[in-house]
file structure01.txt (compact mmCIF, C-alpha atoms)
# COMPACT_ATOMS: atom_id res chain seq x y z
CA MET G 1 -3.56 -21.93 -25.76
CA SER G 2 -5.40 -25.03 -24.56
CA ASP G 3 -6.39 -25.92 -21.03
CA ILE G 4 -4.74 -28.70 -19.07
CA ALA G 5 -6.42 -31.90 -20.26
CA THR G 6 -8.38 -33.92 -17.74
CA VAL G 7 -8.73 -37.57 -18.74
CA TRP G 8 -11.09 -40.18 -17.34
CA ASN G 9 -9.30 -42.96 -15.47
CA VAL G 10 -11.65 -45.94 -15.84
CA ALA G 11 -9.84 -48.15 -13.33
CA ASP G 12 -10.01 -45.53 -10.56
CA MET G 13 -13.32 -44.01 -11.77
CA ARG G 14 -12.03 -40.45 -11.61
CA GLY G 15 -10.61 -37.67 -13.73
CA ASP G 16 -6.88 -37.05 -13.63
CA TRP G 17 -4.12 -35.10 -15.30
CA VAL G 18 -1.42 -36.87 -17.29
CA LEU G 19 2.06 -35.93 -18.39
CA SER G 20 3.10 -35.27 -21.95
CA GLY G 21 6.86 -35.39 -21.67
CA PRO G 22 7.89 -33.07 -18.81
CA SER G 23 4.66 -31.04 -18.98
CA LEU G 24 1.01 -31.64 -18.25
CA ALA G 25 -0.96 -32.72 -21.31
CA SER G 26 -3.24 -30.07 -22.79
CA GLY G 27 -6.07 -29.99 -25.30
CA ASN G 28 -9.39 -31.82 -25.38
CA ASP G 29 -10.97 -28.73 -23.84
CA LEU G 30 -14.56 -29.88 -24.37
CA GLN G 31 -13.95 -33.27 -22.76
CA THR G 32 -12.22 -31.56 -19.82
CA ALA G 33 -15.15 -29.16 -19.40
CA ILE G 34 -17.60 -32.07 -19.43
CA LEU G 35 -15.60 -34.07 -16.88
CA ILE G 36 -15.27 -31.13 -14.49
CA SER G 37 -18.93 -30.27 -14.94
CA LEU G 38 -20.13 -33.80 -14.23
CA PHE G 39 -17.76 -34.99 -11.54
CA SER G 40 -17.12 -31.98 -9.33
CA ASP G 41 -19.57 -31.75 -6.45
CA ARG G 42 -22.09 -28.97 -6.98
CA LEU G 43 -23.76 -27.40 -3.98
CA ALA G 44 -26.92 -29.34 -3.13
CA LEU G 45 -30.19 -27.46 -3.14
CA PRO G 46 -31.73 -26.75 0.28
CA SER G 47 -34.48 -29.25 -0.65
CA ASP G 48 -32.00 -32.07 -1.52
CA GLU G 49 -31.56 -34.86 1.00
CA THR G 50 -27.88 -35.25 1.84
CA PRO G 51 -26.41 -38.25 3.67
CA ASP G 52 -24.85 -36.19 6.46
CA GLY G 53 -26.31 -32.69 6.08
CA ASP G 54 -23.23 -31.47 4.18
CA ARG G 55 -24.35 -29.70 0.99
CA ARG G 56 -20.77 -29.83 -0.44
CA GLY G 57 -20.09 -27.52 -3.38
CA TRP G 58 -17.26 -25.08 -4.00
CA TRP G 59 -16.84 -21.88 -1.99
CA GLY G 60 -16.11 -19.90 -5.17
CA ASP G 61 -19.37 -20.74 -6.93
CA VAL G 62 -21.20 -17.83 -8.45
CA MET G 63 -24.68 -17.93 -9.86
CA PRO G 64 -26.13 -18.64 -12.32
CA TYR G 65 -23.61 -21.45 -13.01
CA PRO G 66 -22.26 -23.24 -9.97
CA VAL G 67 -19.42 -25.65 -10.79
CA GLY G 68 -20.11 -29.37 -10.93
CA SER G 69 -23.15 -31.57 -10.65
CA ARG G 70 -25.40 -33.06 -8.04
CA LEU G 71 -24.59 -36.61 -9.21
CA TRP G 72 -22.88 -37.14 -5.86
CA LEU G 73 -26.34 -37.23 -4.30
CA LEU G 74 -26.80 -40.65 -5.93
CA ASP G 75 -23.89 -42.18 -3.99
CA ARG G 76 -26.20 -43.78 -1.45
CA ALA G 77 -29.02 -44.75 -3.79
CA LYS G 78 -30.17 -48.33 -3.45
CA GLY G 79 -30.56 -49.36 -7.09
CA PRO G 80 -32.78 -48.88 -10.15
CA ARG G 81 -35.58 -47.60 -7.96
CA ASP G 82 -34.91 -45.94 -4.64
CA GLY G 83 -38.38 -45.39 -3.22
CA SER G 84 -40.38 -43.46 -5.80
CA GLN G 85 -37.30 -41.74 -7.27
CA ASN G 86 -36.07 -43.08 -10.60
CA ILE G 87 -32.29 -43.06 -10.21
CA ALA G 88 -31.51 -43.19 -13.95
CA GLN G 89 -33.74 -40.17 -14.61
CA ARG G 90 -32.18 -38.27 -11.72
CA ALA G 91 -28.71 -39.02 -13.14
CA ALA G 92 -29.77 -37.68 -16.55
CA ASP G 93 -31.35 -34.59 -14.96
CA TYR G 94 -28.29 -33.86 -12.82
CA ALA G 95 -25.98 -34.29 -15.84
CA SER G 96 -28.17 -32.01 -17.95
CA GLU G 97 -28.17 -29.36 -15.23
CA ALA G 98 -24.37 -29.53 -14.92
CA LEU G 99 -23.81 -29.19 -18.67
CA GLN G 100 -26.33 -26.40 -19.28
CA TRP G 101 -23.64 -23.71 -19.23
CA LEU G 102 -21.99 -25.24 -22.32
CA LEU G 103 -25.27 -24.84 -24.20
CA ASP G 104 -25.88 -21.33 -22.94
CA ASP G 105 -22.35 -20.25 -23.90
CA GLY G 106 -22.80 -21.68 -27.40
CA VAL G 107 -19.99 -24.21 -27.05
CA VAL G 108 -22.36 -27.10 -27.79
CA ALA G 109 -25.60 -27.14 -29.78
CA ARG G 110 -27.15 -30.14 -28.01
CA PHE G 111 -26.34 -32.91 -25.56
CA ASP G 112 -27.66 -36.45 -25.79
CA ILE G 113 -27.49 -37.92 -22.28
CA THR G 114 -28.32 -41.60 -21.86
CA PRO G 115 -28.22 -43.38 -18.50
CA GLN G 116 -28.33 -47.16 -18.75
CA TRP G 117 -28.64 -49.87 -16.13
CA VAL G 118 -26.02 -52.51 -16.89
CA SER G 119 -27.01 -54.53 -13.84
CA PRO G 120 -29.25 -53.88 -10.83
CA ALA G 121 -26.17 -52.49 -9.07
CA ARG G 122 -24.51 -50.49 -11.88
CA LEU G 123 -25.56 -47.41 -13.82
CA ASP G 124 -23.54 -46.22 -16.82
CA LEU G 125 -23.85 -42.81 -18.44
CA ARG G 126 -23.26 -41.87 -22.08
CA VAL G 127 -22.89 -38.21 -22.99
CA VAL G 128 -22.72 -37.07 -26.60
CA ALA G 129 -21.91 -33.41 -27.22
CA ASN G 130 -23.22 -32.26 -30.59
CA ARG G 131 -21.16 -29.26 -31.65
CA ARG G 132 -22.50 -26.42 -33.74
CA ASP G 133 -20.29 -27.46 -36.68
CA GLY G 134 -21.99 -30.89 -36.77
CA SER G 135 -19.15 -32.82 -35.15
CA ARG G 136 -19.82 -34.98 -32.12
CA VAL G 137 -17.84 -35.85 -29.01
CA ALA G 138 -19.02 -39.03 -27.28
CA MET G 139 -17.99 -39.95 -23.75
CA ASN G 140 -18.95 -43.14 -21.92
CA PHE G 141 -18.76 -43.39 -18.16
CA ALA G 142 -18.96 -47.04 -17.20
CA GLN G 143 -19.35 -48.15 -13.62
CA VAL G 144 -19.40 -44.59 -12.40
CA TRP G 145 -22.32 -45.34 -10.10
CA THR G 146 -22.24 -48.69 -8.40
CA PHE G 147 -24.88 -49.29 -5.78
call {"tool": "encode", "arguments": {"input": "structure01.txt", "output": "structure tokens"}}
result
Amino acid sequence: MSDIATVWNVADMRGDWVLSGPSLASGNDLQTAILISLFSDRLALPSDETPDGDRRGWWGDVMPYPVGSRLWLLDRAKGPRDGSQNIAQRAADYASEALQWLLDDGVVARFDITPQWVSPARLDLRVVANRRDGSRVAMNFAQVWTF
């Protein structure tokens, strides 16, 4: 039995569920796991600067794998370089951290994560999941971060 499928809604820049007839669509389990891992708000580290002091996260998180990513910390970044912090590298690091559980569980052999500045105000992210059987699942997240 497959999980409920989460699909990326480009126009609204968010994941959503869709209907398949009278039921929720299912399948695409790896894509759903990637979407939830990247775009749910993970608890910020005590050392992370947050815009309002709220560390977010989910109350049900258990270590060593809290749900989601810290990509939300980039919401208030100013552009390609925010002080001495490289925003594109932080995005890649946060994505890698969020997806680590899929590697550790043996679901994926390797991820290729590529952030790319499309303009000084827009960062896109490409994630390619390389499965153990040699197949690949590529996902592109355009205009996910607009500064």
call {"tool": "residues_around", "arguments": {"input": "structure01.txt", "residues": "Pro46 in chain G", "least_positions_apart": "2", "cutoff": "8 Å", "atoms": "all atoms listed in the file", "output": "list in words"}}
result
Ala44, Asp48 and Arg55 of chain G
call {"tool": "residues_around", "arguments": {"input": "structure01.txt", "residues": "range 129-132 of chain G", "least_positions_apart": "2", "cutoff": "6 Å", "atoms": "all atoms listed in the file", "output": "CSV table (one decimal) with C-alpha atoms, keeping the file's coordinate frame"}}
result
chain,number,residue,atom,x,y,z
G,108,VAL,CA,-22.4,-27.1,-27.8
G,109,ALA,CA,-25.6,-27.1,-29.8
G,110,ARG,CA,-27.2,-30.1,-28.0
G,111,PHE,CA,-26.3,-32.9,-25.6
G,134,GLY,CA,-22.0,-30.9,-36.8
G,135,SER,CA,-19.2,-32.8,-35.2
G,136,ARG,CA,-19.8,-35.0,-32.1
G,137,VAL,CA,-17.8,-35.8,-29.0
call {"tool": "closest_residue", "arguments": {"input": "structure01.txt", "among": "G:Ala5, G:Val128, G:Val67, G:Leu123", "to": "Ala142 in chain G", "atoms": "all atoms listed in the file"}}
result
G:Leu123
call {"tool": "closest_residue", "arguments": {"input": "structure01.txt", "among": "G:Arg76, G:Arg126, G:Arg90, G:Arg14", "to": "Pro51 in chain G", "atoms": "all atoms listed in the file"}}
result
G:Arg76
call {"tool": "atom_distance", "arguments": {"input": "structure01.txt", "atom1": "CA of Asp52 in chain G", "atom2": "CA of Pro115 in chain G"}}
result
26.2 Å
call {"tool": "residues_near_point", "arguments": {"input": "structure01.txt", "point": "(-25.6, -46.8, -10.5)", "cutoff": "12 Å", "atoms": "all atoms listed in the file", "output": "number ranges by chain"}}
result
G: 71-82, 86-92, 115-125, 141-147
call {"tool": "write_last_selection", "arguments": {"input": "structure01.txt", "atoms": "C-alpha atoms", "output": "mmCIF file, keeping the file's coordinate frame"}}
result
data_model
loop_
_atom_site.group_PDB
_atom_site.id
_atom_site.type_symbol
_atom_site.label_atom_id
_atom_site.label_comp_id
_atom_site.auth_asym_id
_atom_site.auth_seq_id
_atom_site.Cartn_x
_atom_site.Cartn_y
_atom_site.Cartn_z
ATOM 1 C CA LEU G 71 -24.590 -36.610 -9.210
ATOM 2 C CA TRP G 72 -22.880 -37.140 -5.860
ATOM 3 C CA LEU G 73 -26.340 -37.230 -4.300
ATOM 4 C CA LEU G 74 -26.800 -40.650 -5.930
ATOM 5 C CA ASP G 75 -23.890 -42.180 -3.990
ATOM 6 C CA ARG G 76 -26.200 -43.780 -1.450
ATOM 7 C CA ALA G 77 -29.020 -44.750 -3.790
ATOM 8 C CA LYS G 78 -30.170 -48.330 -3.450
ATOM 9 C CA GLY G 79 -30.560 -49.360 -7.090
ATOM 10 C CA PRO G 80 -32.780 -48.880 -10.150
ATOM 11 C CA ARG G 81 -35.580 -47.600 -7.960
ATOM 12 C CA ASP G 82 -34.910 -45.940 -4.640
ATOM 13 C CA ASN G 86 -36.070 -43.080 -10.600
ATOM 14 C CA ILE G 87 -32.290 -43.060 -10.210
ATOM 15 C CA ALA G 88 -31.510 -43.190 -13.950
ATOM 16 C CA GLN G 89 -33.740 -40.170 -14.610
ATOM 17 C CA ARG G 90 -32.180 -38.270 -11.720
ATOM 18 C CA ALA G 91 -28.710 -39.020 -13.140
ATOM 19 C CA ALA G 92 -29.770 -37.680 -16.550
ATOM 20 C CA PRO G 115 -28.220 -43.380 -18.500
ATOM 21 C CA GLN G 116 -28.330 -47.160 -18.750
ATOM 22 C CA TRP G 117 -28.640 -49.870 -16.130
ATOM 23 C CA VAL G 118 -26.020 -52.510 -16.890
ATOM 24 C CA SER G 119 -27.010 -54.530 -13.840
ATOM 25 C CA PRO G 120 -29.250 -53.880 -10.830
ATOM 26 C CA ALA G 121 -26.170 -52.490 -9.070
ATOM 27 C CA ARG G 122 -24.510 -50.490 -11.880
ATOM 28 C CA LEU G 123 -25.560 -47.410 -13.820
ATOM 29 C CA ASP G 124 -23.540 -46.220 -16.820
ATOM 30 C CA LEU G 125 -23.850 -42.810 -18.440
ATOM 31 C CA PHE G 141 -18.760 -43.390 -18.160
ATOM 32 C CA ALA G 142 -18.960 -47.040 -17.200
ATOM 33 C CA GLN G 143 -19.350 -48.150 -13.620
ATOM 34 C CA VAL G 144 -19.400 -44.590 -12.400
ATOM 35 C CA TRP G 145 -22.320 -45.340 -10.100
ATOM 36 C CA THR G 146 -22.240 -48.690 -8.400
ATOM 37 C CA PHE G 147 -24.880 -49.290 -5.780
#
call {"tool": "residues_around", "arguments": {"input": "structure01.txt", "residues": "range 36-42 of chain G", "least_positions_apart": "5", "cutoff": "9 Å", "atoms": "all atoms listed in the file", "output": "list of chain:residue names"}}
result
G:Thr6, G:Arg14, G:Gly15, G:Gln31, G:Arg55, G:Arg56, G:Gly57, G:Trp58, G:Asp61, G:Pro66, G:Val67, G:Gly68, G:Ser69, G:Arg70, G:Leu71, G:Trp72, G:Leu73, G:Tyr94, G:Ala95, G:Ala98, G:Leu99
call {"tool": "atom_distance", "arguments": {"input": "structure01.txt", "atom1": "CA of Ser23 in chain G", "atom2": "CA of Leu35 in chain G"}}
result
20.6 Å
call {"tool": "atom_distance", "arguments": {"input": "structure01.txt", "atom1": "CA of Asp16 in chain G", "atom2": "CA of Pro64 in chain G"}}
result
26.7 Å
call {"tool": "closest_residue", "arguments": {"input": "structure01.txt", "among": "G:Thr50, G:Pro22, G:Thr32, G:Gln100", "to": "Trp8 in chain G", "atoms": "all atoms listed in the file"}}
result
G:Thr32
